[in-house]
Each structure stands twice: as structure tokens, then as C-alpha cells.
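Novice: Sharing a structure, written as C-alpha cells. Questions coming.
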Amino acid sequence: MISLRLMLVFAVAGLLATGCSQAQPSRDAAANVAHAEPTPQTAKALVKDVSVTEFKRLLAELDGALLLDVRTPEEWAEGHLEGAAHKDYWGDADFDEAMNRIPRDRPVLVYCAGGGRSGLTAKELHEAGHQEVYNLADGISGWIREGHPVVTGPAAPF
């Protein structure tokens, strides 16, 4: 007969194993960007976390790319990258609709304060079929820390 202690060890181990393997939801499950099954197109798609230096280079080199800030309106008002469009990852009810309007073949450079929300956005865009998505890994905080400028004012259109 298995001892009570051994059964308890197995029960705790099972809970830990299943609890640690569960993915954290990015936002309300009902409000996620439409996710597509992997296809040959999405398998070739690029989603990449990049440094401030590489992000700046991509901004200069990628014609027609969308620069997207996914911070809150309060964060946006404190300063943003010049030429950025703005959608609040957590707060805009039409966030998913706006993401779905972006042409799948248009490169997207996305950032937030520290790389978290923009990383989730990059992943969701990739899963929805976007072919080229770059996330500013250190966010605008890293951008400012490296001495690059920010501006205030209205958002650029999508």
C-alpha cells in the first residue's frame, strides 16, 4: 500500500508540473487577435526581439513599415517615438480590430515601456499571419536610456 506521504508527494509534484506549464494569457481570451494555424507562409514569417541599435536601423531602412506604440495613453503623453501610431494593448476595445487591419505583408516595429506588451503584440501579430514583426526588447525605456529622442503630439495614422 502506498503511504500517505508518498501520495502527497505525487500530488504536489503533479500540481507543480501542470501549474508551471500553463501559459499566461496575454489579455482577455475573448479579445485576442485572430490566431491562425501555422501555414507555409507563417512558418517563414519573422518575429524578432531587437536591440535599440537594430530597431533604429530598421526604422531607417524599412520603407512603409508601421511603427506601433502599444502603451497606455498616459505613457504616450509622456513621449513617444516620432512617427508612431498608437493603440493601448490593455485598454483599447478596438485593439484587435486595429491589428487585423494592418496588411499582413507590411513590416511592423512595435514597442512599449519595457518590451513586455510589445512582445505579446509581436507574438499575436505573427500568429495572425503577419510576415515581419520586430519588438523593441528594452522598450522605450531602453531607447531613452541610450540617448535617443522622443516627441509628444498626435499619433500617426495606421
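Numbering starts fresh at 1 for the residues of each chain in the C-alpha cells, the chains themselves are lettered A, B, ... in the order given, and ligands are numbered from 1 as they appear.
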Near Ser118 in chain A, counting only C-alpha atoms, which residues have an atom at most 8 Å away, once you skip same-chain residues fewer than 5 positions from it, shown as a list of chain:residue names?

Specialist: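 Everything that qualifies: A:Asp69, A:Val70, A:Val110, A:Tyr111, A:Cys112, A:Asn135, A:Leu136, A:Gly139.
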
Novice: Counting only C-alpha atoms, what is within 12 Å of Ala60 in chain A, bar same-chain residues fewer than 6 positions away, as a list in words?

Specialist: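 Here the answer would be Thr53, Glu54, Leu66, Leu67, Gly83 and Leu109 of chain A.
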
Novice: Atoms to include: N, CA and C atoms. Write the selected residues as a PDB file, in the first residue's frame.

Specialist:
ATOM      1  N   THR A  53      19.730  49.570 -31.016  1.00  0.00           N
ATOM      2  CA  THR A  53      20.537  49.857 -32.212  1.00  0.00           C
ATOM      3  C   THR A  53      19.913  49.251 -33.458  1.00  0.00           C
ATOM      4  N   GLU A  54      19.501  47.996 -33.372  1.00  0.00           N
ATOM      5  CA  GLU A  54      18.888  47.347 -34.528  1.00  0.00           C
ATOM      6  C   GLU A  54      17.522  47.948 -34.844  1.00  0.00           C
ATOM      7  N   LEU A  66       5.202  49.986 -40.295  1.00  0.00           N
ATOM      8  CA  LEU A  66       4.360  50.612 -39.281  1.00  0.00           C
ATOM      9  C   LEU A  66       5.121  50.621 -37.968  1.00  0.00           C
ATOM     10  N   LEU A  67       5.303  51.795 -37.395  1.00  0.00           N
ATOM     11  CA  LEU A  67       5.884  51.946 -36.066  1.00  0.00           C
ATOM     12  C   LEU A  67       4.713  52.037 -35.096  1.00  0.00           C
ATOM     13  N   GLY A  83       6.682  59.539 -35.396  1.00  0.00           N
ATOM     14  CA  GLY A  83       6.050  58.795 -36.478  1.00  0.00           C
ATOM     15  C   GLY A  83       5.287  57.564 -36.032  1.00  0.00           C
ATOM     16  N   LEU A 109       7.088  47.453 -36.562  1.00  0.00           N
ATOM     17  CA  LEU A 109       8.052  47.659 -35.486  1.00  0.00           C
ATOM     18  C   LEU A 109       7.246  48.108 -34.278  1.00  0.00           C
TER      19      LEU A 109
END

Novice: Tell me which protein, DNA and RNA residues are within 9 Å of Pro73 in chain A, counting only C-alpha atoms, leaving out same-chain ones fewer than 4 positions away, and put them as a PDB file with C-alpha atoms, in the first residue's frame.

Specialist:
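Output (out_29.pdb):
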ATOM      1  CA  ALA A  77       1.569  61.576 -23.475  1.00  0.00           C
ATOM      2  CA  GLU A  78       4.944  61.488 -21.695  1.00  0.00           C
ATOM      3  CA  HIS A  86      -0.728  54.286 -31.032  1.00  0.00           C
ATOM      4  CA  LYS A  87      -3.029  51.571 -29.673  1.00  0.00           C
ATOM      5  CA  ASP A  88      -3.235  50.716 -25.968  1.00  0.00           C
ATOM      6  CA  GLY A  91      -7.179  49.470 -22.776  1.00  0.00           C
TER       7      GLY A  91
END

Novice: Write out as a ChimeraX atom specification each polymer residue whose atoms come within 10 Å of Leu81 in chain A, counting only C-alpha atoms; drop sequence neighbours fewer than 4 positions from it.

Specialist: /A:67-69,76,85,111,140,143-144,148-152,155

Novice: Would you please work out which residue, of A:Gly116, A:Pro107, A:Gly79, A:Pro157, is nearest to Ala65 in chain A when using only C-alpha atoms?

Specialist: A:Pro107

Novice: Do you have the CA of Gly115 in chain A-CA of Phe158 in chain A distance handy?

Specialist: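 According to the coordinates, CA of Gly115 in chain A and CA of Phe158 in chain A are separated by 20.8 Å.
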
Novice: When you count only C-alpha atoms, which of these residues is closest to Arg101 in chain A: A:Ala84, A:Gly153, A:Ala128, A:Glu74?

Specialist: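 Among the listed residues, A:Ala128 lies closest to Arg101 in chain A.
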